[in-house]
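Undergrad: This one is coords_37.txt, compact mmCIF, C-alpha atoms.
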# COMPACT_ATOMS: atom_id res chain seq x y z
CA MET A 1 170.31 116.67 166.94
CA ARG A 2 169.16 113.07 166.69
CA ARG A 3 168.47 111.02 169.82
CA PRO A 4 171.55 108.74 169.44
CA GLU A 5 173.77 111.83 169.25
CA ARG A 6 172.17 113.38 172.35
CA VAL A 7 172.55 110.12 174.28
CA ALA A 8 176.17 109.83 173.09
CA ASP A 9 176.98 113.31 174.45
CA ILE A 10 175.49 112.45 177.83
CA LEU A 11 177.31 109.11 177.93
CA ARG A 12 180.64 110.77 177.07
CA GLU A 13 180.31 113.09 180.05
CA GLU A 14 179.22 110.33 182.43
CA ILE A 15 181.85 107.84 181.29
CA SER A 16 184.56 110.52 181.59
CA GLN A 17 183.53 111.06 185.20
CA ILE A 18 183.44 107.34 185.98
CA VAL A 19 186.82 106.62 184.36
CA GLY A 20 188.42 109.72 185.82
CA TYR A 21 187.13 109.55 189.38
CA GLU A 22 185.63 106.17 190.23
CA LEU A 23 187.96 103.61 188.66
CA GLU A 24 191.03 103.26 190.83
CA ASP A 25 193.18 101.32 188.37
CA PRO A 26 196.63 102.93 187.97
CA ARG A 27 196.64 101.96 184.27
CA LEU A 28 193.81 104.45 183.72
CA THR A 29 195.41 107.64 185.04
CA MET A 30 196.20 109.04 181.57
CA VAL A 31 192.97 108.05 179.77
CA THR A 32 190.78 110.63 178.04
CA VAL A 33 187.34 109.83 176.65
CA THR A 34 187.23 111.63 173.30
CA ASP A 35 184.00 110.47 171.69
CA VAL A 36 181.02 108.14 172.04
CA ARG A 37 179.10 106.81 169.08
CA MET A 38 175.76 105.11 169.60
CA SER A 39 174.10 102.52 167.42
CA ASP A 40 170.77 103.68 166.01
CA ASN A 41 168.87 101.33 168.35
CA LEU A 42 170.83 102.69 171.38
CA ARG A 43 171.94 99.19 172.41
CA ASP A 44 175.68 99.65 171.80
CA ALA A 45 178.04 102.49 172.60
CA ASN A 46 181.50 102.69 171.07
CA VAL A 47 183.61 104.73 173.49
CA PHE A 48 186.76 106.18 171.92
CA VAL A 49 189.69 106.93 174.22
CA THR A 50 193.22 108.27 173.99
CA VAL A 51 196.01 107.31 176.35
CA ALA A 52 199.08 109.42 177.04
CA GLY A 53 202.08 107.15 176.77
CA ASP A 54 203.67 104.50 174.62
CA GLU A 55 202.13 101.53 172.84
CA GLU A 56 202.38 99.26 175.89
CA GLU A 57 200.50 101.79 178.04
CA HIS A 58 197.78 101.96 175.36
CA LYS A 59 197.36 98.19 175.44
CA LEU A 60 197.28 98.03 179.24
CA ALA A 61 194.77 100.86 179.52
CA LEU A 62 192.44 99.37 176.91
CA ALA A 63 192.60 95.99 178.64
CA ALA A 64 191.73 97.64 181.96
CA LEU A 65 188.84 99.58 180.38
CA ARG A 66 187.43 96.49 178.73
CA ARG A 67 187.59 94.67 182.05
CA ALA A 68 185.83 97.60 183.75
CA ALA A 69 183.11 97.90 181.07
CA PRO A 70 180.46 95.96 183.07
CA TYR A 71 181.03 98.24 186.08
CA VAL A 72 180.84 101.35 183.88
CA ARG A 73 177.61 100.08 182.33
CA LYS A 74 176.11 99.40 185.77
CA GLN A 75 177.01 102.92 186.97
CA LEU A 76 175.47 104.42 183.84
CA GLY A 77 172.28 102.46 184.48
CA LEU A 78 172.11 103.86 188.00
CA SER A 79 172.73 107.47 187.01
CA LEU A 80 170.84 107.78 183.70
CA ASN A 81 167.18 107.37 182.98
CA LEU A 82 167.42 105.19 179.86
CA PRO A 83 165.01 102.38 179.00
CA ARG A 84 168.02 100.11 178.40
CA THR A 85 171.65 100.74 179.28
CA PRO A 86 173.83 100.20 176.20
CA GLU A 87 176.68 97.72 175.99
CA ILE A 88 179.97 99.59 176.35
CA HIS A 89 182.79 98.94 173.87
CA PHE A 90 186.08 100.77 174.51
CA LEU A 91 188.14 101.54 171.41
CA ARG A 92 191.38 103.37 170.77
CA ASP A 93 190.89 106.79 169.16
CA SER A 94 193.57 107.08 166.49
CA VAL A 95 192.39 110.36 164.94
CA GLU A 96 194.82 112.44 167.00
CA GLU A 97 197.71 110.10 166.17
CA LYS A 98 196.90 110.27 162.46
CA GLY A 99 196.72 114.07 162.68
CA GLU A 100 200.15 114.17 164.31
CA ARG A 101 201.51 111.97 161.51
CA VAL A 102 200.10 114.34 158.86
CA ASP A 103 201.66 117.32 160.67
CA GLN A 104 204.98 115.50 160.80
CA LEU A 105 204.85 114.77 157.06
CA LEU A 106 203.98 118.40 156.27
CA ARG A 107 206.94 119.63 158.35
CA GLN A 108 209.19 117.14 156.58
CA MET A 109 208.00 118.34 153.16
CA GLU A 110 208.58 121.95 154.19
CA GLN A 111 212.17 121.17 155.21
CA GLU A 112 212.88 119.27 152.00
CA ARG A 113 211.54 122.01 149.72
CA PRO A 114 214.32 123.87 147.92
CA GLN A 115 215.07 127.22 149.55
CA GLY A 116 215.15 130.50 147.66
CA LYS A 117 212.68 129.63 144.93
CA ASP A 118 209.59 131.77 144.64
CA GLU A 119 206.31 129.98 145.00
CA VAL A 120 203.94 130.10 142.07
Take the structure in this file and express it as structure tokens.
TA:
Amino acid sequence: MRRPERVADILREEISQIVGYELEDPRLTMVTVTDVRMSDNLRDANVFVTVAGDEEEHKLALAALRRAAPYVRKQLGLSLNLPRTPEIHFLRDSVEEKGERVDQLLRQMEQERPQGKDEV
């Protein structure tokens, strides 16, 4: 495993703890950190999150996370032994939503398929 990937795994765990237990913003109660991707020079971390709720809750949670990013970065600097703490960029993780859409389309196709015909 390359260094950026190892650092990303550690950051994901730490950021999950900070968001889940240290940030007391009610907009962040349903946030899950799903992935962290580091730049090759370890200066930037893209933190992917999902939010349970509707579109408005997604927007509010992302706004709150972006506002809290300097605090999260400071806490990471205190807890991790990195030469330089990366800039934190919170992004919406849409992989799960796209997967749900594919599942929905597959179910729809299954329902629309003519019944009683043998498959080839």
Undergrad: Please work out which residues fall within 10 Å of (177.1, 111.0, 169.3), coordinates as given in the file, with all atoms listed in the file counting, and return them as a VMD selection string.
TA: chain A and resid 1 to 12 35 to 39 45 to 47
Undergrad: Would you put the residues from that selection into a file with C-alpha atoms, as a CSV table (one decimal), in the frame of the given file?
TA:
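The new file out.csv reads:
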chain,number,residue,atom,x,y,z
A,1,MET,CA,170.3,116.7,166.9
A,2,ARG,CA,169.2,113.1,166.7
A,3,ARG,CA,168.5,111.0,169.8
A,4,PRO,CA,171.6,108.7,169.4
A,5,GLU,CA,173.8,111.8,169.2
A,6,ARG,CA,172.2,113.4,172.4
A,7,VAL,CA,172.6,110.1,174.3
A,8,ALA,CA,176.2,109.8,173.1
A,9,ASP,CA,177.0,113.3,174.4
A,10,ILE,CA,175.5,112.4,177.8
A,11,LEU,CA,177.3,109.1,177.9
A,12,ARG,CA,180.6,110.8,177.1
A,35,ASP,CA,184.0,110.5,171.7
A,36,VAL,CA,181.0,108.1,172.0
A,37,ARG,CA,179.1,106.8,169.1
A,38,MET,CA,175.8,105.1,169.6
A,39,SER,CA,174.1,102.5,167.4
A,45,ALA,CA,178.0,102.5,172.6
A,46,ASN,CA,181.5,102.7,171.1
A,47,VAL,CA,183.6,104.7,173.5
Undergrad: To one decimal place, how far is atom CA of A:Leu28 from atom CA of A:Gln104 in Å?
TA: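 Computed distance, atom CA of A:Leu28 to atom CA of A:Gln104, equals 27.8 Å.
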Undergrad: Write out as a list in words the residues lying within 10 Å of A:Glu57, counting only C-alpha atoms and excluding same-chain residues fewer than 6 positions away.
TA: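 Result of the neighbour search: Arg27, Leu28, Met30, Val31, Val51 and Ala63 of chain A.
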Undergrad: What is the atom CA of A:Thr34 to atom CA of A:Asp93 distance in Å?
TA: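 The value is 7.3 Å.
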Undergrad: Taking only C-alpha atoms into account, which of A:Glu110, A:Glu24, A:Asp103, A:Glu87 comes nearest A:Lys74?
TA: A:Glu87
Undergrad: Between atom CA of A:Leu91 and atom CA of A:Val49, what is the distance, to one decimal in Å?
TA: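 Taking atom CA of A:Leu91 as the start and atom CA of A:Val49 as the end point, the length is 6.3 Å.
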Undergrad: If we draw a sphere of 10 Å around (199.5, 110.9, 173.5), which residues have at least one atom in it when counting all atoms listed in the file? Please report them as a PyMOL selection string.
TA: chain A and resi 30-32+50-55+58+94+96-97+100
Undergrad: Rebuild stretch 98-113 of chain A so that it carries N, CA and C atoms, then output the result as a PDB file, in the frame of the given file.
TA:
ATOM      1  N   LYS A  98     196.819 110.081 163.909  1.00  0.00           N
ATOM      2  CA  LYS A  98     196.900 110.270 162.460  1.00  0.00           C
ATOM      3  C   LYS A  98     197.127 111.746 162.131  1.00  0.00           C
ATOM      4  N   GLY A  99     196.506 112.637 162.880  1.00  0.00           N
ATOM      5  CA  GLY A  99     196.720 114.070 162.680  1.00  0.00           C
ATOM      6  C   GLY A  99     198.162 114.471 162.954  1.00  0.00           C
ATOM      7  N   GLU A 100     198.744 113.900 164.004  1.00  0.00           N
ATOM      8  CA  GLU A 100     200.150 114.170 164.310  1.00  0.00           C
ATOM      9  C   GLU A 100     201.050 113.677 163.191  1.00  0.00           C
ATOM     10  N   ARG A 101     200.720 112.529 162.620  1.00  0.00           N
ATOM     11  CA  ARG A 101     201.510 111.970 161.510  1.00  0.00           C
ATOM     12  C   ARG A 101     201.432 112.895 160.295  1.00  0.00           C
ATOM     13  N   VAL A 102     200.255 113.416 159.981  1.00  0.00           N
ATOM     14  CA  VAL A 102     200.100 114.340 158.860  1.00  0.00           C
ATOM     15  C   VAL A 102     200.924 115.607 159.112  1.00  0.00           C
ATOM     16  N   ASP A 103     200.852 116.142 160.334  1.00  0.00           N
ATOM     17  CA  ASP A 103     201.660 117.320 160.670  1.00  0.00           C
ATOM     18  C   ASP A 103     203.142 117.053 160.493  1.00  0.00           C
ATOM     19  N   GLN A 104     203.578 115.878 160.931  1.00  0.00           N
ATOM     20  CA  GLN A 104     204.980 115.500 160.800  1.00  0.00           C
ATOM     21  C   GLN A 104     205.389 115.443 159.327  1.00  0.00           C
ATOM     22  N   LEU A 105     204.553 114.852 158.482  1.00  0.00           N
ATOM     23  CA  LEU A 105     204.850 114.770 157.060  1.00  0.00           C
ATOM     24  C   LEU A 105     204.892 116.150 156.414  1.00  0.00           C
ATOM     25  N   LEU A 106     203.981 117.034 156.809  1.00  0.00           N
ATOM     26  CA  LEU A 106     203.980 118.400 156.270  1.00  0.00           C
ATOM     27  C   LEU A 106     205.252 119.151 156.659  1.00  0.00           C
ATOM     28  N   ARG A 107     205.689 118.986 157.915  1.00  0.00           N
ATOM     29  CA  ARG A 107     206.940 119.630 158.350  1.00  0.00           C
ATOM     30  C   ARG A 107     208.119 119.087 157.556  1.00  0.00           C
ATOM     31  N   GLN A 108     208.115 117.775 157.336  1.00  0.00           N
ATOM     32  CA  GLN A 108     209.190 117.140 156.580  1.00  0.00           C
ATOM     33  C   GLN A 108     209.228 117.671 155.145  1.00  0.00           C
ATOM     34  N   MET A 109     208.073 117.809 154.519  1.00  0.00           N
ATOM     35  CA  MET A 109     208.000 118.340 153.160  1.00  0.00           C
ATOM     36  C   MET A 109     208.509 119.778 153.111  1.00  0.00           C
ATOM     37  N   GLU A 110     208.151 120.554 154.117  1.00  0.00           N
ATOM     38  CA  GLU A 110     208.580 121.950 154.190  1.00  0.00           C
ATOM     39  C   GLU A 110     210.104 122.033 154.284  1.00  0.00           C
ATOM     40  N   GLN A 111     210.716 121.163 155.050  1.00  0.00           N
ATOM     41  CA  GLN A 111     212.170 121.170 155.210  1.00  0.00           C
ATOM     42  C   GLN A 111     212.874 120.707 153.937  1.00  0.00           C
ATOM     43  N   GLU A 112     212.256 119.814 153.199  1.00  0.00           N
ATOM     44  CA  GLU A 112     212.880 119.270 152.000  1.00  0.00           C
ATOM     45  C   GLU A 112     212.692 120.163 150.788  1.00  0.00           C
ATOM     46  N   ARG A 113     211.799 121.123 150.853  1.00  0.00           N
ATOM     47  CA  ARG A 113     211.540 122.010 149.720  1.00  0.00           C
ATOM     48  C   ARG A 113     212.771 122.892 149.482  1.00  0.00           C
TER      49      ARG A 113
END
